[in-house]
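Structure file protein_4.pdb; described as PDB, C-alpha atoms, pLDDT in the B column.
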MODEL        1
ATOM      1  CA  VAL A1317      87.745 125.046  76.899  1.00 78.00           C
ATOM      2  CA  PRO A1318      88.139 128.793  77.546  1.00 84.00           C
ATOM      3  CA  ALA A1319      86.172 131.069  75.248  1.00 85.00           C
ATOM      4  CA  ASP A1320      89.376 132.778  74.118  1.00 90.00           C
ATOM      5  CA  ALA A1321      91.032 129.490  73.071  1.00 91.00           C
ATOM      6  CA  GLY A1322      88.707 128.561  70.229  1.00 89.00           C
ATOM      7  CA  TRP A1323      85.491 129.339  68.407  1.00 91.00           C
ATOM      8  CA  ARG A1324      82.267 128.202  70.116  1.00 89.00           C
ATOM      9  CA  ILE A1325      79.583 126.783  67.827  1.00 91.00           C
ATOM     10  CA  SER A1326      75.875 126.921  68.661  1.00 90.00           C
ATOM     11  CA  ALA A1327      74.318 123.458  68.811  1.00 92.00           C
ATOM     12  CA  GLU A1328      70.924 121.866  69.312  1.00 92.00           C
ATOM     13  CA  ARG A1329      70.364 118.898  71.587  1.00 92.00           C
ATOM     14  CA  VAL A1330      69.017 115.988  69.516  1.00 94.00           C
ATOM     15  CA  SER A1331      67.730 112.805  71.182  1.00 94.00           C
ATOM     16  CA  PHE A1332      68.138 109.343  69.726  1.00 94.00           C
ATOM     17  CA  PRO A1333      64.906 107.626  68.624  1.00 93.00           C
ATOM     18  CA  GLU A1334      65.214 104.894  71.302  1.00 93.00           C
ATOM     19  CA  ASP A1335      67.176 103.894  74.393  1.00 93.00           C
ATOM     20  CA  ARG A1336      69.977 102.408  72.326  1.00 92.00           C
ATOM     21  CA  ILE A1337      73.260 103.295  70.642  1.00 92.00           C
ATOM     22  CA  ASP A1338      73.920 100.885  67.789  1.00 90.00           C
ATOM     23  CA  THR A1339      73.649  97.425  69.387  1.00 90.00           C
ATOM     24  CA  MET A1340      74.001  98.670  72.989  1.00 91.00           C
ATOM     25  CA  GLU A1341      71.006  99.388  75.187  1.00 92.00           C
ATOM     26  CA  THR A1342      71.303 102.523  77.308  1.00 91.00           C
ATOM     27  CA  ARG A1343      69.893 103.570  80.648  1.00 87.00           C
ATOM     28  CA  GLY A1344      67.735 106.444  79.504  1.00 89.00           C
ATOM     29  CA  ARG A1345      67.484 108.208  76.162  1.00 91.00           C
ATOM     30  CA  PRO A1346      70.907 109.059  74.661  1.00 94.00           C
ATOM     31  CA  TRP A1347      71.453 112.381  72.912  1.00 94.00           C
ATOM     32  CA  LEU A1348      74.048 114.429  71.083  1.00 94.00           C
ATOM     33  CA  LEU A1349      74.684 118.067  70.240  1.00 94.00           C
ATOM     34  CA  GLU A1350      74.144 118.819  66.563  1.00 95.00           C
ATOM     35  CA  PRO A1351      76.164 121.916  65.521  1.00 94.00           C
ATOM     36  CA  ASP A1352      74.467 124.697  63.600  1.00 94.00           C
ATOM     37  CA  ARG A1353      75.665 124.135  60.023  1.00 94.00           C
ATOM     38  CA  GLY A1354      75.487 127.768  58.943  1.00 95.00           C
ATOM     39  CA  GLU A1355      77.367 129.041  61.978  1.00 95.00           C
ATOM     40  CA  LEU A1356      79.955 126.287  61.592  1.00 95.00           C
ATOM     41  CA  VAL A1357      80.697 127.441  58.045  1.00 96.00           C
ATOM     42  CA  ALA A1358      80.954 131.064  59.192  1.00 95.00           C
ATOM     43  CA  LEU A1359      83.301 130.211  62.055  1.00 94.00           C
ATOM     44  CA  LEU A1360      85.530 128.089  59.824  1.00 95.00           C
ATOM     45  CA  ARG A1361      85.887 131.077  57.525  1.00 96.00           C
ATOM     46  CA  GLU A1362      86.614 133.327  60.518  1.00 94.00           C
ATOM     47  CA  ALA A1363      89.270 130.920  61.778  1.00 94.00           C
ATOM     48  CA  ASP A1364      90.827 130.719  58.314  1.00 95.00           C
ATOM     49  CA  ALA A1365      90.961 134.511  58.120  1.00 96.00           C
ATOM     50  CA  ALA A1366      92.531 134.938  61.600  1.00 95.00           C
ATOM     51  CA  ASP A1367      96.042 136.406  61.587  1.00 95.00           C
ATOM     52  CA  ASP A1368      99.055 134.787  63.243  1.00 95.00           C
ATOM     53  CA  GLY A1369      98.765 136.974  66.324  1.00 95.00           C
ATOM     54  CA  GLU A1370      95.208 135.862  67.059  1.00 95.00           C
ATOM     55  CA  LEU A1371      96.033 132.203  66.457  1.00 94.00           C
ATOM     56  CA  GLU A1372      99.049 132.398  68.768  1.00 95.00           C
ATOM     57  CA  ALA A1373      96.949 134.081  71.480  1.00 96.00           C
ATOM     58  CA  ARG A1374      94.302 131.377  71.258  1.00 94.00           C
ATOM     59  CA  GLY A1375      96.985 128.703  71.393  1.00 93.00           C
ATOM     60  CA  ARG A1376      98.459 130.247  74.546  1.00 93.00           C
ATOM     61  CA  ALA A1377      95.020 130.322  76.184  1.00 93.00           C
ATOM     62  CA  GLY A1378      94.453 126.648  75.350  1.00 91.00           C
ATOM     63  CA  ARG A1379      97.846 125.581  76.668  1.00 90.00           C
ATOM     64  CA  ALA A1380      97.376 127.583  79.864  1.00 89.00           C
ATOM     65  CA  ALA A1381      94.001 125.912  80.489  1.00 87.00           C
ATOM     66  CA  ALA A1382      95.488 122.461  79.890  1.00 88.00           C
ATOM     67  CA  VAL A1383      98.287 123.091  82.376  1.00 85.00           C
ATOM     68  CA  ALA A1384      95.882 124.498  84.969  1.00 82.00           C
ATOM     69  CA  SER A1385      93.499 121.524  84.777  1.00 81.00           C
ATOM     70  CA  TYR A1386      95.520 118.547  83.589  1.00 83.00           C
ATOM     71  CA  SER A1387      99.165 119.014  84.584  1.00 86.00           C
ATOM     72  CA  TRP A1388     100.878 116.303  86.666  1.00 90.00           C
ATOM     73  CA  ASP A1389     100.787 118.562  89.735  1.00 89.00           C
ATOM     74  CA  THR A1390      97.087 119.333  89.307  1.00 87.00           C
ATOM     75  CA  VAL A1391      96.074 115.702  88.784  1.00 89.00           C
ATOM     76  CA  ALA A1392      98.282 114.536  91.651  1.00 92.00           C
ATOM     77  CA  GLY A1393      96.629 117.158  93.857  1.00 90.00           C
ATOM     78  CA  LEU A1394      93.190 115.785  92.993  1.00 87.00           C
ATOM     79  CA  TYR A1395      94.316 112.271  93.935  1.00 92.00           C
ATOM     80  CA  GLU A1396      95.726 113.593  97.205  1.00 93.00           C
ATOM     81  CA  GLU A1397      92.451 115.408  97.941  1.00 88.00           C
ATOM     82  CA  ARG A1398      90.418 112.246  97.313  1.00 87.00           C
ATOM     83  CA  ILE A1399      92.683 109.978  99.382  1.00 90.00           C
ATOM     84  CA  THR A1400      92.733 112.493 102.248  1.00 88.00           C
ATOM     85  CA  ALA A1401      88.916 112.708 102.194  1.00 84.00           C
ATOM     86  CA  LEU A1402      88.586 108.913 102.288  1.00 83.00           C
ATOM     87  CA  ALA A1403      91.042 108.626 105.150  1.00 83.00           C
ATOM     88  CA  ALA A1404      89.133 111.242 107.164  1.00 80.00           C
ATOM     89  CA  ARG A1405      85.721 109.603 106.813  1.00 74.00           C
ATOM     90  CA  ARG A1406      84.057 108.472 109.992  1.00 67.00           C
ATOM     91  CA  PRO A1407      84.373 104.670 110.401  1.00 63.00           C
ATOM     92  CA  ARG A1408      81.090 102.815 110.112  1.00 56.00           C
ATOM     93  CA  SER A1409      79.835 100.918 113.127  1.00 53.00           C
ATOM     94  CA  ALA A1410      79.324  97.158 113.057  1.00 48.00           C
ATOM     95  CA  SER A1411      75.549  97.648 112.955  1.00 47.00           C
ATOM     96  CA  ALA A1412      75.873  99.974 109.998  1.00 47.00           C
ATOM     97  CA  ALA A1413      77.635  97.238 108.031  1.00 47.00           C
ATOM     98  CA  VAL A1414      74.328  95.336 107.856  1.00 51.00           C
ATOM     99  CA  HIS A1415      73.244  97.749 105.130  1.00 63.00           C
ATOM    100  CA  GLU A1416      76.031  98.432 102.670  1.00 79.00           C
ATOM    101  CA  PRO A1417      76.282 101.977 101.247  1.00 85.00           C
ATOM    102  CA  PHE A1418      74.679 102.500  97.880  1.00 88.00           C
ATOM    103  CA  PRO A1419      77.253 101.863  95.099  1.00 89.00           C
ATOM    104  CA  LEU A1420      77.673 105.346  93.625  1.00 90.00           C
ATOM    105  CA  GLU A1421      80.077 105.317  90.689  1.00 86.00           C
ATOM    106  CA  GLU A1422      81.410 108.888  90.740  1.00 87.00           C
ATOM    107  CA  GLU A1423      84.880 109.173  92.318  1.00 88.00           C
ATOM    108  CA  VAL A1424      84.501 112.557  93.995  1.00 90.00           C
ATOM    109  CA  SER A1425      85.467 114.042  97.345  1.00 89.00           C
ATOM    110  CA  VAL A1426      82.028 115.346  98.321  1.00 91.00           C
ATOM    111  CA  ARG A1427      78.632 113.835  97.562  1.00 93.00           C
ATOM    112  CA  VAL A1428      75.441 115.807  98.197  1.00 95.00           C
ATOM    113  CA  LEU A1429      71.977 114.213  98.025  1.00 96.00           C
ATOM    114  CA  ALA A1430      68.663 115.982  97.430  1.00 96.00           C
ATOM    115  CA  THR A1431      65.107 114.731  96.892  1.00 96.00           C
ATOM    116  CA  PRO A1432      63.229 117.187  94.666  1.00 95.00           C
ATOM    117  CA  ALA A1433      59.428 117.326  94.570  1.00 93.00           C
ATOM    118  CA  TRP A1434      59.382 116.442  90.898  1.00 94.00           C
ATOM    119  CA  ARG A1435      55.646 117.036  90.586  1.00 88.00           C
ATOM    120  CA  GLY A1436      55.326 119.752  93.213  1.00 88.00           C
ATOM    121  CA  THR A1437      56.918 122.918  94.552  1.00 90.00           C
ATOM    122  CA  ASP A1438      60.412 122.876  95.998  1.00 93.00           C
ATOM    123  CA  ARG A1439      63.659 124.866  96.258  1.00 94.00           C
ATOM    124  CA  LEU A1440      65.516 123.038  93.491  1.00 96.00           C
ATOM    125  CA  GLY A1441      66.280 126.254  91.632  1.00 95.00           C
ATOM    126  CA  GLU A1442      67.839 127.741  94.769  1.00 94.00           C
ATOM    127  CA  LEU A1443      69.941 124.611  95.267  1.00 95.00           C
ATOM    128  CA  LEU A1444      71.133 124.650  91.640  1.00 95.00           C
ATOM    129  CA  ALA A1445      72.068 128.327  91.917  1.00 94.00           C
ATOM    130  CA  GLN A1446      74.137 127.675  95.034  1.00 92.00           C
ATOM    131  CA  TRP A1447      75.711 124.580  93.447  1.00 94.00           C
ATOM    132  CA  VAL A1448      76.845 126.523  90.373  1.00 93.00           C
ATOM    133  CA  ASP A1449      77.984 129.436  92.536  1.00 90.00           C
ATOM    134  CA  ALA A1450      80.062 127.188  94.816  1.00 89.00           C
ATOM    135  CA  THR A1451      81.627 124.863  92.246  1.00 91.00           C
ATOM    136  CA  THR A1452      83.297 124.692  88.864  1.00 90.00           C
ATOM    137  CA  ARG A1453      83.413 121.807  86.411  1.00 88.00           C
ATOM    138  CA  GLU A1454      86.724 120.812  88.015  1.00 88.00           C
ATOM    139  CA  THR A1455      85.396 120.663  91.603  1.00 90.00           C
ATOM    140  CA  SER A1456      85.565 117.121  92.971  1.00 90.00           C
ATOM    141  CA  ALA A1457      81.901 116.933  93.968  1.00 93.00           C
ATOM    142  CA  CYS A1458      78.609 115.521  92.715  1.00 94.00           C
ATOM    143  CA  LEU A1459      75.000 116.524  93.405  1.00 96.00           C
ATOM    144  CA  TYR A1460      72.610 113.567  93.330  1.00 96.00           C
ATOM    145  CA  LEU A1461      68.916 114.194  92.675  1.00 97.00           C
ATOM    146  CA  LEU A1462      66.833 111.173  93.684  1.00 96.00           C
ATOM    147  CA  ALA A1463      63.861 110.138  91.547  1.00 95.00           C
ATOM    148  CA  ASP A1464      61.554 107.126  91.603  1.00 93.00           C
ATOM    149  CA  PRO A1465      61.016 106.014  87.976  1.00 90.00           C
ATOM    150  CA  GLY A1466      57.641 104.548  88.937  1.00 87.00           C
ATOM    151  CA  VAL A1467      56.146 107.862  90.040  1.00 90.00           C
ATOM    152  CA  ASP A1468      58.325 110.817  89.149  1.00 92.00           C
ATOM    153  CA  GLY A1469      58.279 110.582  85.358  1.00 88.00           C
ATOM    154  CA  GLU A1470      60.484 109.704  82.408  1.00 90.00           C
ATOM    155  CA  PRO A1471      64.144 110.830  82.234  1.00 90.00           C
ATOM    156  CA  GLU A1472      63.315 113.539  79.705  1.00 90.00           C
ATOM    157  CA  ASP A1473      60.594 114.889  82.026  1.00 90.00           C
ATOM    158  CA  LEU A1474      63.046 115.064  84.928  1.00 93.00           C
ATOM    159  CA  GLU A1475      65.646 116.746  82.761  1.00 92.00           C
ATOM    160  CA  ALA A1476      63.110 119.335  81.626  1.00 92.00           C
ATOM    161  CA  HIS A1477      62.189 119.962  85.272  1.00 93.00           C
ATOM    162  CA  ILE A1478      65.853 120.550  86.180  1.00 95.00           C
ATOM    163  CA  LEU A1479      66.480 122.851  83.225  1.00 94.00           C
ATOM    164  CA  SER A1480      63.327 124.821  84.019  1.00 94.00           C
ATOM    165  CA  ALA A1481      64.394 125.236  87.662  1.00 95.00           C
ATOM    166  CA  ALA A1482      67.867 126.350  86.546  1.00 94.00           C
ATOM    167  CA  GLU A1483      66.418 128.830  84.061  1.00 94.00           C
ATOM    168  CA  SER A1484      64.106 130.275  86.708  1.00 93.00           C
ATOM    169  CA  ALA A1485      67.122 130.701  89.001  1.00 93.00           C
ATOM    170  CA  GLY A1486      69.134 132.316  86.205  1.00 94.00           C
ATOM    171  CA  VAL A1487      71.993 129.796  86.189  1.00 92.00           C
ATOM    172  CA  ASP A1488      73.758 127.611  83.640  1.00 93.00           C
ATOM    173  CA  ILE A1489      74.233 124.217  85.314  1.00 92.00           C
ATOM    174  CA  ASP A1490      76.973 123.309  82.825  1.00 90.00           C
ATOM    175  CA  GLY A1491      79.236 125.730  84.680  1.00 90.00           C
ATOM    176  CA  GLY A1492      79.206 123.765  87.941  1.00 91.00           C
ATOM    177  CA  ALA A1493      80.277 120.353  89.168  1.00 93.00           C
ATOM    178  CA  ASP A1494      78.503 117.154  88.162  1.00 93.00           C
ATOM    179  CA  ILE A1495      74.766 116.705  88.723  1.00 95.00           C
ATOM    180  CA  ASN A1496      73.424 113.150  88.540  1.00 94.00           C
ATOM    181  CA  VAL A1497      69.760 112.115  88.522  1.00 94.00           C
ATOM    182  CA  LEU A1498      69.465 108.826  90.440  1.00 93.00           C
ATOM    183  CA  MET A1499      66.603 106.842  88.899  1.00 93.00           C
ATOM    184  CA  GLU A1500      66.066 104.313  91.700  1.00 92.00           C
ATOM    185  CA  PRO A1501      62.812 102.538  92.640  1.00 91.00           C
ATOM    186  CA  ALA A1502      61.613 103.000  96.212  1.00 88.00           C
ATOM    187  CA  VAL A1503      62.673  99.578  97.518  1.00 87.00           C
ATOM    188  CA  PRO A1504      63.367  98.728 101.198  1.00 84.00           C
ATOM    189  CA  GLU A1505      66.634 100.191 102.553  1.00 88.00           C
ATOM    190  CA  ARG A1506      67.195 102.305  99.418  1.00 90.00           C
ATOM    191  CA  ASP A1507      67.196 105.607 101.279  1.00 92.00           C
ATOM    192  CA  LEU A1508      69.266 104.291 104.194  1.00 91.00           C
ATOM    193  CA  ARG A1509      71.933 102.979 101.837  1.00 92.00           C
ATOM    194  CA  LEU A1510      71.965 106.244  99.876  1.00 93.00           C
ATOM    195  CA  HIS A1511      72.566 108.318 102.981  1.00 94.00           C
ATOM    196  CA  ARG A1512      75.381 105.987 103.987  1.00 92.00           C
ATOM    197  CA  ALA A1513      77.014 106.650 100.610  1.00 93.00           C
ATOM    198  CA  VAL A1514      76.884 110.478 100.640  1.00 94.00           C
ATOM    199  CA  ASP A1515      78.280 113.257 102.824  1.00 92.00           C
ATOM    200  CA  ALA A1516      75.427 115.756 103.036  1.00 93.00           C
ATOM    201  CA  TYR A1517      71.709 116.151 102.387  1.00 95.00           C
ATOM    202  CA  ALA A1518      69.922 119.256 101.099  1.00 94.00           C
ATOM    203  CA  ALA A1519      66.271 119.529 102.148  1.00 93.00           C
ATOM    204  CA  LEU A1520      64.186 121.132  99.390  1.00 94.00           C
ATOM    205  CA  HIS A1521      60.616 120.992 100.718  1.00 92.00           C
ATOM    206  CA  GLU A1522      58.554 120.277 103.830  1.00 89.00           C
ATOM    207  CA  ALA A1523      58.207 116.532 103.157  1.00 90.00           C
ATOM    208  CA  CYS A1524      61.930 115.899 103.627  1.00 92.00           C
ATOM    209  CA  SER A1525      61.873 115.167 107.366  1.00 91.00           C
ATOM    210  CA  GLY A1526      62.340 111.420 106.860  1.00 92.00           C
ATOM    211  CA  HIS A1527      65.432 111.964 104.769  1.00 94.00           C
ATOM    212  CA  GLU A1528      66.744 114.510 107.262  1.00 93.00           C
ATOM    213  CA  ARG A1529      66.475 111.889 110.012  1.00 92.00           C
ATOM    214  CA  LEU A1530      68.290 109.283 107.915  1.00 92.00           C
ATOM    215  CA  ALA A1531      71.011 111.790 107.057  1.00 93.00           C
ATOM    216  CA  ARG A1532      71.648 112.555 110.733  1.00 91.00           C
ATOM    217  CA  GLU A1533      71.624 108.848 111.611  1.00 90.00           C
ATOM    218  CA  ALA A1534      74.292 108.325 108.952  1.00 90.00           C
ATOM    219  CA  GLY A1535      76.375 111.110 110.496  1.00 89.00           C
ATOM    220  CA  ASN A1536      75.897 113.453 107.550  1.00 91.00           C
ATOM    221  CA  VAL A1537      75.328 117.189 107.351  1.00 88.00           C
ATOM    222  CA  VAL A1538      71.778 118.426 106.715  1.00 92.00           C
ATOM    223  CA  LEU A1539      72.325 121.565 104.645  1.00 90.00           C
ATOM    224  CA  GLU A1540      70.314 124.732 105.183  1.00 86.00           C
ATOM    225  CA  LEU A1541      70.219 126.480 101.824  1.00 85.00           C
ATOM    226  CA  SER A1542      69.729 129.920 103.318  1.00 78.00           C
ATOM    227  CA  SER A1543      72.859 129.709 105.506  1.00 71.00           C
ATOM    228  CA  GLY A1544      75.588 129.146 102.925  1.00 73.00           C
ATOM    229  CA  GLU A1545      76.433 125.729 104.332  1.00 76.00           C
ATOM    230  CA  LEU A1546      76.756 124.202 100.865  1.00 83.00           C
ATOM    231  CA  ALA A1547      79.769 126.323  99.931  1.00 79.00           C
ATOM    232  CA  ALA A1548      81.326 125.733 103.342  1.00 75.00           C
ATOM    233  CA  ARG A1549      80.839 121.987 103.004  1.00 73.00           C
ATOM    234  CA  LEU A1550      82.566 121.997  99.636  1.00 74.00           C
ATOM    235  CA  GLU A1551      85.373 124.125 101.062  1.00 62.00           C
ATOM    236  CA  PHE A1552      85.365 126.080  97.844  1.00 44.00           C
ATOM    237  CA  LYS A1553      85.275 129.862  97.544  1.00 39.00           C
ATOM    238  CA  PRO A1554      82.008 130.842  95.807  1.00 37.00           C
ATOM    239  CA  ARG A1555      82.284 132.738  92.572  1.00 35.00           C
ATOM    240  CA  SER A1556      80.157 135.757  91.811  1.00 37.00           C
ATOM    241  CA  LEU A1557      76.701 135.139  90.372  1.00 37.00           C
ATOM    242  CA  ALA A1558      77.695 137.083  87.273  1.00 35.00           C
ATOM    243  CA  SER A1559      80.573 134.738  86.446  1.00 37.00           C
ATOM    244  CA  SER A1560      78.575 131.616  87.237  1.00 37.00           C
ATOM    245  CA  THR A1561      75.770 132.446  84.835  1.00 37.00           C
ATOM    246  CA  GLN A1562      77.788 133.226  81.752  1.00 36.00           C
ATOM    247  CA  ARG A1563      76.878 131.093  78.757  1.00 31.00           C
TER     248      ARG A1563
ENDMDL
END
Show how you would write the structure in this file as structure tokens.
Amino acid sequence: VPADAGWRISAERVSFPEDRIDTMETRGRPWLLEPDRGELVALLREADAADDGELEARGRAGRAAAVASYSWDTVAGLYEERITALAARRPRSASAAVHEPFPLEEEVSVRVLATPAWRGTDRLGELLAQWVDATTRETSACLYLLADPGVDGEPEDLEAHILSAAESAGVDIDGGADINVLMEPAVPERDLRLHRAVDAYAALHEACSGHERLAREAGNVVLELSSGELAARLEFKPRSLASSTQR
């Protein structure tokens, strides 16, 4: 929703008391955004006081955004992009079929895997900055951050780590394409199957050599963060840092 199409309300992230919504168990702690009551009242009054010219301008901005993102031509183009990417993928060898790719649910054109040092020092902030700079929320791509629930911490700890890295890098991760934390135990063939399911791997620290080897064996790109390969892989023109960090 463009800023000039409506009135943005400040909100606070509030977690549910348990891993459940009503009668349904959830994978991780669910949460919602609770609007600021005082600001909501003020903005409702502002909207009520807006003249016809302002309301018409906001309506035009909303319609323009809807056409740009959700028109038949735009959606058809996204389908064409996905089908073309699938058709161009390198066929898997017979030996590779022994280990099926990991079943990732996101239907995107480009999948990038990274293995942060959740309890150590890494380049996650640099990766997040490049991800936000190279993508928008409409980019057909997903960044997967692998975590072992047995050693790396609870979901809220991992989320706090990501937000801290993003804040240190000066970026708002909500402005980029999807980022998914993969909470997967370190079982045999996990890493091999993951690399068979993605297109590229971003090394974030010195202990990533094993994953780099698996990525190359799977025929994937090993991204060098300092070389701009991420943006090139996404085939998306990077936006300026100023526009990518607006809140």
(request) Measuring atom to atom with all atoms listed in the file, identify which of A:Glu1454, A:Glu1423, A:Arg1361, A:Asp1367 is nearest to Ser1385 (chain A). (result) A:Glu1454
(message) Once the PyMOL selection byres ((chain A and resi 1496) around 6) is applied to the coordinates I shared, what remains selected? I want it as a VMD selection string.
(response) chain A and resid 1460 1495 1497
(message) Report, in Å with one decimal, the straight-line distance from CA of Asn1536 (chain A) to CA of Leu1429 (chain A).
(response)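 Separating CA of Asn1536 (chain A) from CA of Leu1429 (chain A) is a distance of 10.3 Å.
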(message) At a cut-off of 7 Å, using all atoms listed in the file, what residues contact Pro1417 (chain A)? Leave out same-chain residues fewer than 6 positions from it and give the result as a count of residues only.
(response) 4
(message) Using Å and a single decimal, report how far CA of Leu1402 (chain A) sits from CA of Glu1533 (chain A).
(response)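 According to the coordinates, CA of Glu1533 (chain A) and CA of Leu1402 (chain A) are separated by 19.4 Å.
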(request) Given the file shown, determine the residues that the PyMOL selection byres ((chain A and resi 1348) around 10) selects; report them as a list in words. (result) Ala1327, Glu1328, Arg1329, Val1330, Ser1331, Phe1332, Pro1346, Trp1347, Leu1349, Glu1350 and Pro1351 of chain A
Pull C-alpha atoms from the residues just selected and write them as a CSV table (one decimal), keeping the file's coordinate frame.
chain,number,residue,atom,x,y,z
A,1327,ALA,CA,74.3,123.5,68.8
A,1328,GLU,CA,70.9,121.9,69.3
A,1329,ARG,CA,70.4,118.9,71.6
A,1330,VAL,CA,69.0,116.0,69.5
A,1331,SER,CA,67.7,112.8,71.2
A,1332,PHE,CA,68.1,109.3,69.7
A,1346,PRO,CA,70.9,109.1,74.7
A,1347,TRP,CA,71.5,112.4,72.9
A,1349,LEU,CA,74.7,118.1,70.2
A,1350,GLU,CA,74.1,118.8,66.6
A,1351,PRO,CA,76.2,121.9,65.5
(request) Evaluate the PyMOL selection byres ((chain A and resi 1394) around 12) here and jot the selected residues down as a list in words. (result)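 Applied to this file, the PyMOL selection byres ((chain A and resi 1394) around 12) returns Ser1385, Tyr1386, Ser1387, Trp1388, Asp1389, Thr1390, Val1391, Ala1392, Gly1393, Tyr1395, Glu1396, Glu1397, Arg1398, Ile1399, Thr1400, Ala1401, Glu1423, Val1424, Ser1425, Glu1454, Thr1455, Ser1456 and Ala1457 of chain A.
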(request) Might you pull out every residue within 9 Å of Gly1344 (chain A), with only C-alpha atoms counted and same-chain residues fewer than 6 positions away left off, and present them as number ranges by chain? (result) A: 1334-1336, 1470-1472
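Our summary of the geometry notes that CA of Asp1352 (chain A) is positioned 29.5 Å from CA of Thr1451 (chain A).
With distances taken over all atoms listed in the file, A:Gly1375 is the one residue among A:Gly1526, A:Gly1469, A:Gly1375, A:Pro1504 lying closest to Asp1320 (chain A).
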(message) Report as a ChimeraX atom specification all protein, DNA and RNA residues lying within 12 Å of Ser1542 (chain A), evaluated on only C-alpha atoms, omitting residues in the same chain fewer than 2 positions from it.
(response) /A:1439,1442-1443,1445-1446,1518-1520,1539-1540,1544-1547
Just-selected residues, C-alpha atoms written as a PDB file, in the frame of the given file:
ATOM      1  CA  ARG A1439      63.659 124.866  96.258  1.00 94.00           C
ATOM      2  CA  GLU A1442      67.839 127.741  94.769  1.00 94.00           C
ATOM      3  CA  LEU A1443      69.941 124.611  95.267  1.00 95.00           C
ATOM      4  CA  ALA A1445      72.068 128.327  91.917  1.00 94.00           C
ATOM      5  CA  GLN A1446      74.137 127.675  95.034  1.00 92.00           C
ATOM      6  CA  ALA A1518      69.922 119.256 101.099  1.00 94.00           C
ATOM      7  CA  ALA A1519      66.271 119.529 102.148  1.00 93.00           C
ATOM      8  CA  LEU A1520      64.186 121.132  99.390  1.00 94.00           C
ATOM      9  CA  LEU A1539      72.325 121.565 104.645  1.00 90.00           C
ATOM     10  CA  GLU A1540      70.314 124.732 105.183  1.00 86.00           C
ATOM     11  CA  GLY A1544      75.588 129.146 102.925  1.00 73.00           C
ATOM     12  CA  GLU A1545      76.433 125.729 104.332  1.00 76.00           C
ATOM     13  CA  LEU A1546      76.756 124.202 100.865  1.00 83.00           C
ATOM     14  CA  ALA A1547      79.769 126.323  99.931  1.00 79.00           C
TER      15      ALA A1547
END
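In this comparison, which uses all atoms listed in the file, the residue of A:Glu1528, A:Glu1422, A:Glu1500, A:Asp1368 approaching Asp1464 (chain A) most closely is A:Glu1500.
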(message) So that I can see what lies close to Ala1463 (chain A), please list as a VMD selection string the residues with an atom at most 8 Å from it, counting only C-alpha atoms and leaving out residues fewer than 3 positions away in the same chain.
(response) chain A and resid 1431 to 1432 1434 1468 1497 to 1501
Mind checking which residues fall within 8 Å of Gly1322 (chain A), counting all atoms listed in the file, ignoring those fewer than 3 positions away in the same chain, and posting them as a compact mmCIF listing (two decimals) with C-alpha atoms, keeping the file's coordinate frame?
# COMPACT_ATOMS: atom_id res chain seq x y z
CA VAL A 1317 87.74 125.05 76.90
CA PRO A 1318 88.14 128.79 77.55
CA ALA A 1319 86.17 131.07 75.25
CA ARG A 1374 94.30 131.38 71.26
CA GLY A 1378 94.45 126.65 75.35
